[in-house]
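Asker: Before we start, here is the structure in question, set down as structure tokens.
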Amino acid sequence: MKTNPLYLAVAVAGAAALAVPGAVPRPVPVAHRAAAARQVEALDRGLISVRSGNGNYVGWRLLGTDPSGTTFALYRGSTRVATVTGSTNYWDEGAPADASYTVRPIVNGGEGAASESSLRFGDGYLDVPIQSPGSEYSANDASVADLDGDGRLEFVLKWDPSNSKDNSQSGYTSDVYIDAYRLDGTRLWRIDLGRNIRAGQHYTQFQAYDYDGDGRAEVAMKTADGTVDGTGKVIGNASADYRNSSGYILSGPEYLTMFDGRTGAAMQSVDYVPARGNVSDWGDSYGNRVDRFLAGTAYLDGQRPSLIMARGYYTRSVIAAWDWRDGRFTRRWTFDTKSSTNTGRGYDGQGSHSLSVGDIDEDGRDEIVYGAMAVDDNGYGLWTTRTGHGDAQHLGDFDPARPGLEYFKVSESSGQPSSLYIDPHNGQVLWSTSACCDNGRGVAGDIWNGRPGAEFWSASVSELRSVTGNNAGRKPSSVNFLVWWDADPVRELLDGTHIDKYGPSGDTRLLTASGVHSNNGTKAVPSLSGDLFGDWREEVVWPTGDNSRLRIYTTREVTDRKIYTLLHDTQYRTGLAWQNTAYNQPPHPGFFLGDGMSAPSQPQIYTR
């Protein structure tokens with residue numbers, strides 16, 4: 001991990017520290033503290049076998065709680081077939097396709113308990129059966145969490161009706177449904193959000209995470225009168241209908257509900273914060289900007305996760321932080337750009353179509369990076385670049401030679417830089433590209449091993465950029481998603497239903513998924529992508545064309561890299577949780593994962 005810097009600009013005595021593009025903020029000394037252990041999921045080994053040719057690829061998790069130096073004994077049935085020391089995968093040449101595997105950790109020469117039996121992926125993918133609410137529905141965004149406490153992840157899936165709308169579009173929509181599934185296709189529950197929740201990419205942002213630390217994840221989302229929980233119980237007034245003649249819902253109560261991950265039962269509903277209030281306060285009077293929602297999960301106290309629910313980004317923005325403890329909500333803080341503390345300080349209109357979470361000031365606690373501004377773990381504004389709204393953003397350790405995290409975002413305003421590379425400690429713009437237009441897409445990641453650190457590119461800028469902002473050569477063929485797929489630590493390009501390997505003279509196709517579809521129109525994203533099973537590489541989840549299954553693709557390339565599961569890196573894990581929020585973005589870990597990387601430090605975590 002990186003060494004803490006000696007200073008950074010922070011909120012002092014409740015006042016927000018501002019960073020104007022081109023200006024260097026005055027450093028303010030702060031006291032750093034050692035990071036506390038963070039609560040995470042108690043996962044199983046995620047052991048998978050994948051058929052390839054005349055053998056099986058086998059992969060499993062190195063857990064963040066495994067002692068240093070842990071190696072593994074791999075068993076096919078009762079036969080020990082390998083001792084694996086330098087990685088957490090193995091190629092079992094000549095093994096039968098239906099072979100069953102277990103793996104045992106070896107610590108100080110002694111074998112530990114056997115893992116669960118391997119999950120068989122067949123010829124490159126695993127299908128999870130799902131149940132459509134009707135012919136007009138498509139499987140849309142998904143998340144994962146251990147809902148029942150058995151160490152294995154379950155899927156939480158949103159169903160999108162064919163008449164869903166962008167907030168700018170009038171018209172009625174059908175109900176939104178949220179389902180939970182085990183990997184064998186067993187449906188645990190279905191939530192019907194009802195007529196008073198509109199369908200569309202910006203309305204329902206759900207979070208699945210173990211907020212109270214009982215070993216089982218909860219699921220949180222905005223609800224309304226007429227929402228039916230997973231047990232059939234109605235929230236509020238079942239007959240209420242607040243839709244106006246244009247299909248917008250601009251009156252009636254709004255709730256934040258926490259659902260039991262095992263049953264889908266509504267455990268508590270509280271008033272959604274912020275309330276819509278005067279619709280025009282959010283930027284228009286017809287209902288577009290008032291219903292732009294974001295959500296996330298953050299370790300605001302440095303140890304346990306809190307729920308983040310937000311509203312607005314074009315003008316007024318409000319972020320509320322909630323704790324879920326002992327079966328009830330407690331609001332930790334609320335950040336409002338229109339509050340007396342923040343009015344006139346440059347925070348209005350700075351939000352993006354997503355958010356990022358990470359410890360940007362290295363104090364052991366997470367902050368919220370909300371477009372062109374950041375909010376400290378205590379709910380005070382930390383900085384703003386005053387460069388306005390954008391469609392995509394990436395927070396990660398992109399430059400291994402530089403302390404801390406880095407931040408890349410694109411801008412929608414033709415009067416602002418089209419993309420910016422920012423020091424998230426204090427909001428200083430390190431480099432930017434010229435103003436031009438609505439730059440709608442941008443990506444950051446180490447996609448080529450020809451130079452140190454990550455590369456950066458965007459839809460309306462012709463060049464690929466390096467960490468210094470210099471022209472780094474040919475821009476990739478897609479400006480969308482990323483995935484760690486092959487054997488090296490360099491990330492690959494994920495776009496639509498295929499994966500490509502970047503090269504300076506051209507991209508190479510690694511995978512074209514069969515019989516599946518991408519989501520969210522021109523955004524062309526999967527339902528979910530992340531380190532879900534096996535070793536540290538990432539899986540990609542697309543719905544099948546008939547929306548009857550979630551098809552999970554995984555790599556079959558053996559790697560010599562031994563890296564803790566990314567699910568035990570809390571920046572990555574919270575990124576996976578908020579991936580479904582509005583314009584989906586790939587998760588990034590809190591350490592540099594790329595060419596020339598150092599071995600990551602063992603995570604400071606604990607499980608129940």
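Naming scheme: A, B, ... for chains in displayed order of the structure tokens; residues 1 onward per chain; ligands 1 onward as shown.
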With a distance cut-off of 10 Å and only C-alpha atoms, select the neighbouring residues of A:Thr71, excluding the residue or stretch itself and same-chain residues fewer than 5 positions from it, and output the selection as a VMD selection string.
Answerer: chain A and resid 62 66 83 to 88 104 to 109 111
Asker: Pick out each residue of stretch 176-367 of chain A that DSSP on the backbone tags as strand (DSSP E or B); I need them as number ranges by chain.
Answerer: A: 177-181, 187-192, 207-209, 218-224, 228, 234, 243, 249, 254-260, 266-271, 293-298, 306-311, 318-325, 328-336, 352, 356-358, 367
Asker: Counting only C-alpha atoms, which of A:Leu250, A:Ala374, A:Ile360, A:Val490 gets nearest to A:Ser285?
Answerer: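 Smallest distance to A:Ser285 is found for A:Leu250.
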Asker: Which neighbours of A:Val103 fall inside 6 Å, counting only C-alpha atoms, when residues of the same chain fewer than 5 positions from it are skipped, and could you give them as a ChimeraX atom specification?
Answerer: /A:73-75,114-115
Asker: Find the residues around A:Ser352 up to 8 Å (only C-alpha atoms counted), leave out those fewer than 6 positions away in its own chain, and share them as a PyMOL selection string.
Answerer: chain A and resi 313+370-372+389-393
Asker: Any chance you can output those residues with N, CA and C atoms as a PDB file, in the first residue's frame?
Answerer:
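Everything below was put into selection.pdb:
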ATOM      1  N   TYR A 313     -28.109  16.182  -8.838  1.00  0.00           N
ATOM      2  CA  TYR A 313     -26.719  16.503  -9.178  1.00  0.00           C
ATOM      3  C   TYR A 313     -26.593  17.629 -10.183  1.00  0.00           C
ATOM      4  N   TYR A 370     -18.406  12.765  -5.362  1.00  0.00           N
ATOM      5  CA  TYR A 370     -19.714  12.977  -5.974  1.00  0.00           C
ATOM      6  C   TYR A 370     -19.540  13.881  -7.191  1.00  0.00           C
ATOM      7  N   GLY A 371     -18.966  13.302  -8.247  1.00  0.00           N
ATOM      8  CA  GLY A 371     -18.721  14.096  -9.450  1.00  0.00           C
ATOM      9  C   GLY A 371     -17.533  14.998  -9.274  1.00  0.00           C
ATOM     10  N   ALA A 372     -17.771  16.288  -9.385  1.00  0.00           N
ATOM     11  CA  ALA A 372     -16.689  17.268  -9.284  1.00  0.00           C
ATOM     12  C   ALA A 372     -16.536  17.818  -7.881  1.00  0.00           C
ATOM     13  N   HIS A 389     -21.191  18.972 -13.870  1.00  0.00           N
ATOM     14  CA  HIS A 389     -21.706  17.616 -14.052  1.00  0.00           C
ATOM     15  C   HIS A 389     -20.927  16.832 -15.108  1.00  0.00           C
ATOM     16  N   GLY A 390     -20.879  15.500 -14.905  1.00  0.00           N
ATOM     17  CA  GLY A 390     -20.284  14.613 -15.894  1.00  0.00           C
ATOM     18  C   GLY A 390     -20.945  13.253 -15.860  1.00  0.00           C
ATOM     19  N   ASP A 391     -20.721  12.463 -16.907  1.00  0.00           N
ATOM     20  CA  ASP A 391     -21.409  11.179 -17.033  1.00  0.00           C
ATOM     21  C   ASP A 391     -20.633   9.995 -16.466  1.00  0.00           C
ATOM     22  N   ALA A 392     -19.317  10.110 -16.295  1.00  0.00           N
ATOM     23  CA  ALA A 392     -18.520   8.965 -15.858  1.00  0.00           C
ATOM     24  C   ALA A 392     -17.374   9.439 -14.985  1.00  0.00           C
ATOM     25  N   GLN A 393     -16.981   8.572 -14.020  1.00  0.00           N
ATOM     26  CA  GLN A 393     -15.895   8.906 -13.115  1.00  0.00           C
ATOM     27  C   GLN A 393     -15.247   7.628 -12.605  1.00  0.00           C
TER      28      GLN A 393
END
Asker: Quote the spacing between atom CA of A:Phe206 and atom CA of A:Thr581 in Å to one decimal place.
Answerer: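 Going from atom CA of A:Phe206 over to atom CA of A:Thr581 covers 7.5 Å.
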Asker: Using only C-alpha atoms, find the one residue out of A:Asp291, A:Asp363, A:Glu538, A:Asp214 that sits nearest to A:Ser251.
Answerer: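 Answer, going by the shortest atom-to-atom distance: A:Asp291.
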Asker: Restricting the calculation to only C-alpha atoms, which member of A:Tyr57, A:Gln131, A:Thr385, A:Val318 is positioned closest to A:Pro96?
Answerer: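 Selected residue with least distance to A:Pro96: A:Tyr57.
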Asker: Show me, as an MDAnalysis selection string, the residues that have an atom within 8 Å of stretch 398-400 of chain A when counting only C-alpha atoms, minus same-chain residues fewer than 4 positions from it.
Answerer: chainID A and resid 2 405:406 444:446 452:454 467 592 597
Asker: Write out, as a compact mmCIF listing (two decimals), in the first residue's frame, the residues just selected, with C-alpha atoms.
Answerer:
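As a result, selection-v8.txt now contains:
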# COMPACT_ATOMS: atom_id res chain seq x y z
CA LYS A 2 1.07 3.59 -0.48
CA LEU A 405 -5.60 7.47 -4.85
CA GLU A 406 -6.21 9.33 -8.11
CA ALA A 444 -9.39 4.80 -16.45
CA GLY A 445 -7.32 1.66 -16.01
CA ASP A 446 -3.98 0.01 -16.73
CA PRO A 452 3.97 2.77 -15.77
CA GLY A 453 0.52 3.25 -14.32
CA ALA A 454 -2.92 3.44 -15.86
CA VAL A 467 -0.76 9.42 -15.74
CA PHE A 592 -2.58 -0.48 -7.79
CA MET A 597 2.57 -3.92 -9.37
Asker: For a quick check of understanding, using only C-alpha atoms, which of A:Phe121, A:Phe408, A:Phe72, A:Phe155 has the smallest distance to A:Arg556?
Answerer: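 For A:Arg556, the nearest of the given residues is A:Phe121.
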Asker: Write out as a list of chain:residue names all residues of stretch 365-604 of chain A that backbone DSSP assigns to alpha helix (DSSP H).
Answerer: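 Everything in stretch 365-604 of chain A that counts as alpha helix (DSSP H) is A:Thr570, A:Gln571, A:Tyr572, A:Arg573, A:Thr574, A:Gly575, A:Leu576, A:Ala577, A:Trp578.
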Asker: Go through A:Arg331, A:Lys523, A:Arg316, A:Arg195 one by one, measure the shortest atom-to-atom distance of each to A:Ser478 using only C-alpha atoms, and give the residue with the smallest value.
Answerer: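 The answer is A:Lys523, which sits nearest to A:Ser478.
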Asker: Using only C-alpha atoms for the distances, tell me which of A:Gly575, A:Gly596, A:Pro161, A:Gly277 is nearest to A:Gly296.
Answerer: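 Selected residue with least distance to A:Gly296: A:Gly575.
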Asker: Give me, as a list in words, all polymer residues having an atom no more than 8 Å from stretch 265-268 of chain A, counting only C-alpha atoms and skipping those fewer than 5 positions away in the same chain.
Answerer: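 Near neighbours after the sequence-gap exclusion: Asp229, Gly230, Thr231, Lys233, Thr257, Met258, Phe259, Asp260, Gly327, Arg328 and Phe329 of chain A.
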Asker: Could you please take those selected residues and save N, CA, C and O atoms as a short mmCIF file (atom, residue, chain, number, x, y, z; two decimals), in the first residue's frame?
Answerer:
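Saved to again00.cif:
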data_model
loop_
_atom_site.label_atom_id
_atom_site.label_comp_id
_atom_site.auth_asym_id
_atom_site.auth_seq_id
_atom_site.Cartn_x
_atom_site.Cartn_y
_atom_site.Cartn_z
N ASP A 229 -43.51 -6.06 -0.23
CA ASP A 229 -42.24 -6.68 0.12
C ASP A 229 -42.22 -8.16 -0.27
O ASP A 229 -43.19 -8.70 -0.84
N GLY A 230 -41.12 -8.84 0.05
CA GLY A 230 -40.95 -10.22 -0.38
C GLY A 230 -41.85 -11.21 0.31
O GLY A 230 -41.93 -12.37 -0.11
N THR A 231 -42.55 -10.79 1.36
CA THR A 231 -43.50 -11.67 2.03
C THR A 231 -44.95 -11.36 1.66
O THR A 231 -45.86 -11.98 2.20
N LYS A 233 -46.35 -8.30 2.09
CA LYS A 233 -46.85 -7.20 2.90
C LYS A 233 -46.70 -5.88 2.15
O LYS A 233 -45.65 -5.60 1.56
N THR A 257 -36.41 1.97 2.69
CA THR A 257 -36.75 0.71 3.34
C THR A 257 -35.55 -0.22 3.35
O THR A 257 -34.85 -0.34 2.34
N MET A 258 -35.36 -0.88 4.50
CA MET A 258 -34.36 -1.93 4.61
C MET A 258 -35.08 -3.27 4.61
O MET A 258 -35.98 -3.50 5.42
N PHE A 259 -34.68 -4.15 3.69
CA PHE A 259 -35.30 -5.45 3.53
C PHE A 259 -34.37 -6.55 4.05
O PHE A 259 -33.14 -6.47 3.88
N ASP A 260 -34.96 -7.57 4.64
CA ASP A 260 -34.23 -8.76 5.07
C ASP A 260 -33.74 -9.51 3.83
O ASP A 260 -34.53 -9.85 2.96
N GLY A 327 -31.60 -3.50 13.98
CA GLY A 327 -32.91 -3.53 13.35
C GLY A 327 -33.54 -2.19 13.09
O GLY A 327 -34.77 -2.11 12.85
N ARG A 328 -32.75 -1.12 13.09
CA ARG A 328 -33.36 0.18 12.81
C ARG A 328 -32.33 1.12 12.17
O ARG A 328 -31.11 0.94 12.31
N PHE A 329 -32.86 2.13 11.49
CA PHE A 329 -32.04 3.16 10.86
C PHE A 329 -31.67 4.24 11.87
O PHE A 329 -32.49 4.64 12.72
#
